[in-house]
Structures are given as structure tokens and as C-alpha cells.
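Below you'll find the structure, written out as C-alpha cells, and then a few comments.
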There are 2 protein chains.
Amino acid sequence: MKILITGGAGFLGARLARALLDCGRLSVNGRPAEPVEQIVLLDVAAPAVLPVQPATDQPRIVHLTGDLSEAALLARAIDADTTLVCHLAAVVSGQAEADFPLGMRINLDATRALLDRCHAVGHRPTVLFTSSVAVFGGALPPVVGDDTAVSPRSSYGTQKAIAELLLADYTRRGFIDGRVLRLPTISIRPGRPNAAASSFASGIIREPLAGLPAVCPVAPDLPLWLSSPDAATRNLLRGCALAQHALEDWPVLNLPGLSTTAAAMVEALRRVAGDEAAGRVRFERDPQIEAIVGSWPAAWDDARARRLGFVGDRDFDAVIMQFLHPEMH
Amino acid sequence: MKILITGGAGFLGARLARALLDCGRLSVNGRPAEPVEQIVLLDVAAPAVLPVQPATDQPRIVHLTGDLSEAALLARAIDADTTLVCHLAAVVSGQAEADFPLGMRINLDATRALLDRCHAVGHRPTVLFTSSVAVFGGALPPVVGDDTAVSPRSSYGTQKAIAELLLADYTRRGFIDGRVLRLPTISIRPGRPNAAASSFASGIIREPLAGLPAVCPVAPDLPLWLSSPDAATRNLLRGCALAQHALEDWPVLNLPGLSTTAAAMVEALRRVAGDEAAGRVRFERDPQIEAIVGSWPAAWDDARARRLGFVGDRDFDAVIMQFLHPEMH
Ligand SMILES: NC(=O)c1ccc[n+]([C@@H]2O[C@H](COP(=O)([O-])OP(=O)(O)OC[C@H]3O[C@@H](n4cnc5c(N)ncnc54)[C@H](O)[C@@H]3O)[C@@H](O)[C@H]2O)c1
Ligand SMILES: NC(=O)c1ccc[n+]([C@@H]2O[C@H](COP(=O)([O-])OP(=O)(O)OC[C@H]3O[C@@H](n4cnc5c(N)ncnc54)[C@H](O)[C@@H]3O)[C@@H](O)[C@H]2O)c1
């Protein structure tokens, strides 16, 4: 089986690739598990440094470095042998807000071109797409349901919401077998801050644990809806495996998450790593970031996703432990 | 003031043009009323035969015949003097389902190009867009609220839902002053049947009144959400006049409508025109049409629209009277 991961050099793309290599076999769209023969990692950025085992991993990995919006690259990336496309490449929230044409070109046009390419190859590949809390906004109920209207307050959220609608219609028409996972904000991301408006949701834990100061740009009690990287990766695998009929006739799913606040996260940090670490977080509100992140849901009803086998995290202390001891997970 | 109506040769476009000529002055976006100096009617079809008064109407009307998706035409249609754009041109539901690329090209790409052109002229024109019941679908609550999730079960509904999201984001960013009116199914359309899946909602009254047989392709008790042409036209004018701030931060409105069924419509026909007329309607279900129309809401909560000055119809008998005696309205 041949799998394409767009955004394959990104945070979740690299983790998903690692998980697929480790599994070795994968069930796609309700079919029996098959060996993972080839993973194509497409990204405009240089390949991520995966902890690969040269003898067993490298023959299975193909890097395609280039812009998803190039038709020729897309044609190379998706062909008659492509069983599964995990479309993770995206211009993230802060950047899509700052550079409107770029967000439209990648998040909307390139996504559509990818779906058209999947349609054109003719064998109805399975397409997994990652959407976000950012499709929601404005006056929201305390718990967002599957039937709550999207009303994004950012261009990123708008582009994700549009891509969701395209995936659903392409699936309904039988062009692809699509599924959309709305991910909570992922925390704790290792590495460096990124251009997402929610970058602080990792930074306020990651930086203090490394002995560095961190600024939290939102109010201490602003609700956040989070998932750990491990839960997110497991849920991506589950999203690939899910049979289309299990989604009935609407392929968009709100994934399980953890409802918390920056203040509660810092308290968890205090419990796990002590006062000194917690003391490294300074609260200084940034109206622009708060406007974006504050428009996202505090929590959503994840009963449908849980029923379909998706998982959440126990509590934020466990998420910090996962970050500190990745080998245990 | 210069106004563009796309789809200006269509049913609602021609009515809106007639109403604007009759009003002579129009308030746009909460500003004081100004004289209607020029109405540009853009359509790929030949101009509608408006009942024009040559001396007073004709100097104010410009016909642009061509495809909205041509950039050069769009540039001619929208310029530095364009105050208001009423974007009514659309590939309607039945046709967008049958010809997917056409619907995407007109309902999505051309709408986006129109919004980009409005942005490019730089003075933030007011843009009115007509959306539809078809953005809804699937398992819906008995009354659809402003906060009910869209989940279209047709490509037309998908394209309308995407256009709504674009209008909202372009408005939020200050590129345009946009407002989206979700219209109920308009009944009774005069003239010939069109390619909309809901075409029967006019045909089952119009044809019998003209002594012709008519087929109703949906179950007698399938709920329908209707608006008369007059209420729709008045609501389009209201949509132009509305100040942006009245829409708060979400510019999509469910317009008032009338909840009825084909059976109740035929009973109204019987009351107004007698047994013979009512006897000309034959029920013969068409699964394809029923799948589309049956996925639409039975009714929606129109409180917000009514608060903002939009109107509905009293009952379906009055709608039939309006059709029979258009001069009285
Ligand atoms: N991490 C989160 O908190 C979160 C939350 C919700 C949704 N998501 C979504 O999950 C997906 C993966 O997120 P992530 O956290 O790994 O983000 P990331 O920024 O680490 O990875 C995205 C990757 O996409 C690549 N990319 C961007 N433009 C491209 C282009 N034109 N052509 C090819 N590649 C391009 C980037 O180079 C990057 O490697 C994204 O779609 C994101 O929107 C993430
Ligand atoms: N009538 C209804 O029941 C109803 C209900 C909900 C929404 N709407 C919406 O209201 C609007 C007007 O509807 P209508 O009933 O007047 O429809 P209509 O079909 O009578 O008019 C649409 C017009 O758009 C024109 N058009 C199509 N493609 C074009 C292109 N490429 N370039 C230029 N013009 C093009 C057509 O020639 C037609 O004259 C549409 O957006 C429709 O989707 C109508």
C-alpha cells in the first residue's frame, strides 16, 4: 500500500509517518490491514529528521519537496497506486491571517486541486483531512455539538470550513472516500514556536520546562480545547482505518479533547515541575491573538468520535508527563 | 449611484431591477437614500423583457451579456463607481448536481472572482448574495436556527455554503460590506419550469391555473419552506439597505418563509381556483428530486430577519392571489 502525507515534514505529518512505519500494517477505510509499502512525504519544507532505522524505514520513504499547489508535483504524489492520502499540509492560523492570498492558495486552492487529483485517478482513494477548532467562532454554546454552525472568525478557519464542505461533497458524489477530523489545539508541541495563533498553548509549558521564560498572550481563564500529540497521532490512524459507512452521511468529526485554561495548565506545570518552572510564565495579553483564540470553542461534544473509537487525554498533568517522557508512550 | 445585478436576466434579477427603477432612490448599507442612476444587468442569457418605460428607464439600464467567469467582463461590470453589487447569478440546484464542473466554475470560482474584483476596486462596495435552503441537509431539527450547522446534500448547496463563508470572511477583513440572504424556495415563479430541483413548487400551481396538467415529484406531506416573489423582492431591497453593523459580526441571514407541503398547496389551489384546477395535479415521486428537496429544512427560525425588517407571506392562499393579480401587489 502506498500512502501520501502532505505536510509530511510538519509536526503531525512526521509523527504520523513514524507511527505508520512502526505499525508496518494499516487498515484503511474498514478494509483488512495491509503492509505499508511506501510513504510519500510531500512538503515545501526540507524533510523532517525522523528517527529512522535506515535498513527497514528508508526503503519505504519517498520525500517530495515542493509546493503542493504545483500540478506536476501533485500528479507525481498521487497516482493509480495511492490508497490513502493524509492531507495535513496547511498554512497555519497566524500566517493565513497575515497573508490572505497565501492561505487561500494553499488551504483552499491546493486542497481542491488535491481532491480533484484524487478524483481523476479514478479508484476513489481514501482522503483524511485535518480541520480545526478554528472553524467555530462568535457566540458559541458552552459545548459545541456536531450540529453547531461553523462561523469562523479567521481566514484560516474559513479556509478549513470550506475544505470540509468540499471533502463532504466529493465524498457524497463518490469521487473520494473522505473523512475530516477537527483537531483540538495540539499541546505540547516540542521544538520551536510556530506561526499558529495557538502557539503559546505549547510554549507556556515547553519553554519553562527548558528553563526559559514564556509569555501567555491570552487571559488566564480563557478556555482552551486541547489534545496531546500522542492522542492526535492515534486519532489520525483511527481516521484512516474508519470505514466510510461508519461516518453515515456526514464525514466531519469533532475529535475528543481536554477543556482547560492557561491558568490550569500553569498549575499542572507547578504540580509536575515545581514553582520555579511555573514562575517562568508571564501573562501579557495580545488582543490580536486573543481575538482569534478567544473565538474558538471551550469544549465540544465528542460523543460521536468516542463512539467511533477516537481517544482523548486523561488530564493535562498526563500530557506534561507524555512530553517529558515520550519513550513511555 | 451605480448598481450591478448579476443574473440580471433571471427571475429575481429582473424583478429586483424593476423594483429599483420604480423606487428611483435606494438606501444602501444604512446610508441615506440616493438616486438610482445606473443599473448594470449582467447575464449570460439574453436580457429579460422588462416592462420598461423607454424614456425614463432605458437611460438607466446597461446590459452586459456574457459569462460572469470572464475576468474582462467582471472588470467592466464593477468599477470605482459601483456602490452596490447584487450577486444573483447562479447555476441552479438541478443543473449544479448534473454538471459538477459548471457549478464549481460559476457558483464558486466566479463568485470568488467577483468578490476579489470588489476588493480590488478599493472602496468597499456593498455586496448582496442570495443563498438558499439547500445549504442545510441531513437530520435537521424541526426548526432550523441561525446556529444550526450547514450540511448540504447537493453540490449547489455546498457551493452556496462556501460562498457564504467567503462573503463572511471578506466582510470581516473589510474587503467588502457583505450580506447573505438565505432565501426560501420561491413560489410561484411565472413562466416556464427551470432546472432547479424545486421547480415543481411553482409548477404544481402555475400549470393547473393555466389549464395544464402538473406532476408533483415529492410526497404530498414533504415539508417545504417558501417565499412569494414579492416578499423575496422586498427582502432583497431590505438586504441592500441594511447597515453592516446591524448584522453584528455574522452577515448570513435566514429570511422569513412559509412552512407548507405540496398537499396543503394543492388544497389552497382548490380554495382559490376550484376542484378542476386542483385535479390537474398528479403525485408521482421522483427519488432524485425527493432526495435533494427532502434534505432541505421544513422551516427555520426567522426571528433575527424579522427583527431586521425582513418580511414573510401571510399564507399560501395569499401567494396564489399575488400570482393571479400581480398588479395589486
Ligand atoms: N497542531 C495543531 O494544534 C493543529 C490543530 C488543528 C488542526 N491542525 C492541522 O493539522 C495539520 C498539521 O498540523 P501541524 O501542527 O503538523 O502543522 P505544521 O505547520 O507543523 O505542518 C504543516 C506542514 O505543511 C507544510 N506546508 C505548508 N504549505 C505547504 C505547501 N504549499 N506545500 C507543501 N507543504 C506545505 C509546512 O511546510 C509544514 O511542514 C494542519 O492541517 C493543521 O491545520 C493542527
Ligand atoms: N428562486 C428560488 O427559489 C431561489 C431560492 C433560493 C435561492 N435562490 C437564488 O437566488 C438567485 C436568483 O435566482 P433566480 O430564481 O432568479 O434564478 P434564475 O435561474 O432565474 O436566474 C439566475 C440567472 O443567472 C444567470 N447565470 C447563470 N450562469 C451565469 C454566468 N456564468 N454568467 C452570468 N449569468 C449567469 C442565468 O442566465 C439566470 O438568468 C440565485 O442565486 C439562486 O440560487 C433562488
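Following the order of the C-alpha cells, first chain is A, next is B, and so on, with residues numbered from 1 inside each chain and ligands from 1 in the order they appear.
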Listing only residues of chain B within 7 Å of ligand 2, what is the closest atom pair and its distance in Å (to one decimal) for each, using only C-alpha atoms and all ligand atoms, sorted by chain and residue number ascending, as CSV?
residue,atom,partner,partner_atom_place_in_ligand_line,distance
B:Thr6,CA,ligand 2,34 (N),6.1
B:Gly7,CA,ligand 2,24 (O),3.5
B:Gly8,CA,ligand 2,39 (O),6.1
B:Ala9,CA,ligand 2,39 (O),4.4
B:Gly10,CA,ligand 2,39 (O),3.2
B:Phe11,CA,ligand 2,16 (O),3.7
B:Leu12,CA,ligand 2,16 (O),3.7
B:Gly13,CA,ligand 2,16 (O),5.5
B:Leu42,CA,ligand 2,33 (C),6.1
B:Asp43,CA,ligand 2,34 (N),3.6
B:Val44,CA,ligand 2,33 (C),4.0
B:Ala45,CA,ligand 2,37 (O),4.5
B:Gly66,CA,ligand 2,33 (C),6.0
B:Asp67,CA,ligand 2,32 (N),3.7
B:Leu68,CA,ligand 2,32 (N),3.8
B:Ser69,CA,ligand 2,31 (N),5.9
B:His87,CA,ligand 2,41 (O),7.0
B:Leu88,CA,ligand 2,41 (O),4.1
B:Ala89,CA,ligand 2,24 (O),3.4
B:Ala90,CA,ligand 2,41 (O),4.6
B:Val91,CA,ligand 2,27 (C),5.0
B:Val92,CA,ligand 2,43 (O),5.5
B:Ile106,CA,ligand 2,31 (N),5.4
B:Thr130,CA,ligand 2,10 (O),4.9
B:Ser131,CA,ligand 2,7 (C),5.1
B:Ser132,CA,ligand 2,6 (C),4.0
B:Val133,CA,ligand 2,6 (C),6.4
B:Arg182,CA,ligand 2,6 (C),6.6
B:Leu183,CA,ligand 2,6 (C),4.4
B:Pro184,CA,ligand 2,5 (C),5.4
B:Thr185,CA,ligand 2,3 (O),3.7
B:Ile186,CA,ligand 2,3 (O),3.6
B:Ser187,CA,ligand 2,3 (O),6.7
B:Asn194,CA,ligand 2,19 (O),6.9
Kindly determine which residues of chain A lie within 7 Å of chain B, considering only C-alpha atoms, and give the answer as an MDAnalysis selection string. chainID A and resid 147:150 155 158 162 165 169
Mind writing the picked residues with C-alpha atoms as a PDB file, in the first residue's frame?
ATOM      1  CA  ASP A 147     -24.832  20.247  14.765  1.00  0.00           C
ATOM      2  CA  THR A 148     -23.411  23.636  15.791  1.00  0.00           C
ATOM      3  CA  ALA A 149     -22.979  26.047  12.895  1.00  0.00           C
ATOM      4  CA  VAL A 150     -19.448  26.919  11.882  1.00  0.00           C
ATOM      5  CA  SER A 155      -9.299  33.282   7.357  1.00  0.00           C
ATOM      6  CA  THR A 158     -12.816  29.956   6.870  1.00  0.00           C
ATOM      7  CA  ILE A 162     -14.592  25.425   3.050  1.00  0.00           C
ATOM      8  CA  LEU A 165     -17.550  21.209   2.691  1.00  0.00           C
ATOM      9  CA  ASP A 169     -19.382  16.854  -1.311  1.00  0.00           C
TER      10      ASP A 169
END
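Nearest-residue note for Ala263 of chain A: choosing from A:Met104, A:Ile292, A:Ala277, A:Val218, the minimum distance belongs to A:Val218, counting only C-alpha atoms.
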Quick one: residues within 9 Å of segment 36-41 of chain B, only C-alpha atoms counted, chain neighbours fewer than 3 positions away excluded, as a list of chain:residue names?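 After dropping sequence-adjacent residues, the list is B:Met1, B:Lys2, B:Ile3, B:Leu4, B:Ile5, B:Thr6, B:Gly7, B:Gly8, B:Ala9, B:Gly13, B:Ala14, B:Ala17, B:Leu20, B:Leu21, B:Cys23, B:Gly24, B:Arg25, B:Leu26, B:Pro47, B:Pro59, B:Arg60, B:Ile61, B:Val62, B:His63, B:Leu64, B:Thr65, B:Ala77.
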Given the choices A:Pro190, A:Trp296, A:Arg270, A:Asp99, which gets closest to Leu222 of chain A if the distance is worked out from only C-alpha atoms? A:Trp296
One-decimal distance in Å that lies between atom CA of Arg206 of chain B and atom CA of Ala273 of chain B: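 A separation of 11.3 Å between them.
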Who sits within 8 Å of segment 317-326 of chain B, only C-alpha atoms, same chain under 2 positions skipped, as a ChimeraX atom specification: /B:187-188,190,205,228,268-269,271-272,313-315,328-329
Find, counting only C-alpha atoms, the residue in B:Glu284, B:Asp109, B:Asp22, B:Asp79 that gets nearest to Cys216 of chain B.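 Nearest candidate to Cys216 of chain B out of B:Glu284, B:Asp109, B:Asp22, B:Asp79: B:Glu284.
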As a PyMOL selection string, list the residues of segment 107-252 of chain B assigned to strand (DSSP E or B) by DSSP on the backbone atoms of this structure. chain B and resi 126-132+144+148+177-183+185-186+214-216+223-227+252
So which residues of segment 145-252 of chain A fall under alpha helix (DSSP H) by DSSP, listed as a PyMOL selection string? chain A and resi 155-172+200-209+229-241
Take the residues from that selection and write them out as a short mmCIF file (atom, residue, chain, number, x, y, z; two decimals), in the first residue's frame, keeping C-alpha atoms.
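out15.cif, freshly written:
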data_model
loop_
_atom_site.label_atom_id
_atom_site.label_comp_id
_atom_site.auth_asym_id
_atom_site.auth_seq_id
_atom_site.Cartn_x
_atom_site.Cartn_y
_atom_site.Cartn_z
CA SER A 155 -9.30 33.28 7.36
CA TYR A 156 -7.64 30.03 8.41
CA GLY A 157 -10.92 28.86 9.96
CA THR A 158 -12.82 29.96 6.87
CA GLN A 159 -10.47 28.01 4.59
CA LYS A 160 -10.72 24.92 6.80
CA ALA A 161 -14.53 25.17 6.85
CA ILE A 162 -14.59 25.43 3.05
CA ALA A 163 -12.29 22.43 2.71
CA GLU A 164 -14.63 20.45 5.00
CA LEU A 165 -17.55 21.21 2.69
CA LEU A 166 -15.54 20.17 -0.36
CA LEU A 167 -14.46 16.89 1.27
CA ALA A 168 -18.08 16.16 2.17
CA ASP A 169 -19.38 16.85 -1.31
CA TYR A 170 -16.59 14.95 -3.08
CA THR A 171 -17.35 12.02 -0.76
CA ARG A 172 -21.10 12.24 -1.31
CA PHE A 200 1.54 29.70 23.18
CA ALA A 201 -0.54 26.68 24.26
CA SER A 202 2.66 24.67 23.88
CA GLY A 203 5.13 27.46 24.65
CA ILE A 204 3.89 28.19 28.17
CA ILE A 205 4.80 24.64 29.20
CA ARG A 206 7.67 23.78 26.86
CA GLU A 207 9.74 26.92 27.47
CA PRO A 208 9.55 26.85 31.31
CA LEU A 209 10.48 23.15 31.32
CA PRO A 229 0.39 14.86 20.24
CA ASP A 230 0.04 11.16 21.07
CA ALA A 231 -3.74 11.24 21.19
CA ALA A 232 -3.75 13.23 17.95
CA THR A 233 -1.48 10.71 16.21
CA ARG A 234 -3.54 7.75 17.40
CA ASN A 235 -6.65 9.52 16.18
CA LEU A 236 -5.13 10.14 12.75
CA LEU A 237 -4.52 6.38 12.45
CA ARG A 238 -8.07 5.72 13.58
CA GLY A 239 -9.32 8.22 11.00
CA CYS A 240 -7.56 6.26 8.25
CA ALA A 241 -8.96 2.94 9.44
#
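Nearest to ligand 1 of all the residues A:Gly274, A:Gly257, A:Pro142, A:Gly309 is A:Gly257, based on only C-alpha atoms and all ligand atoms.
Distances to Val281 of chain B were evaluated for B:Ala264, B:Ser199, B:Ala214, B:Ala134 using only C-alpha atoms, and the minimum falls at B:Ala214.
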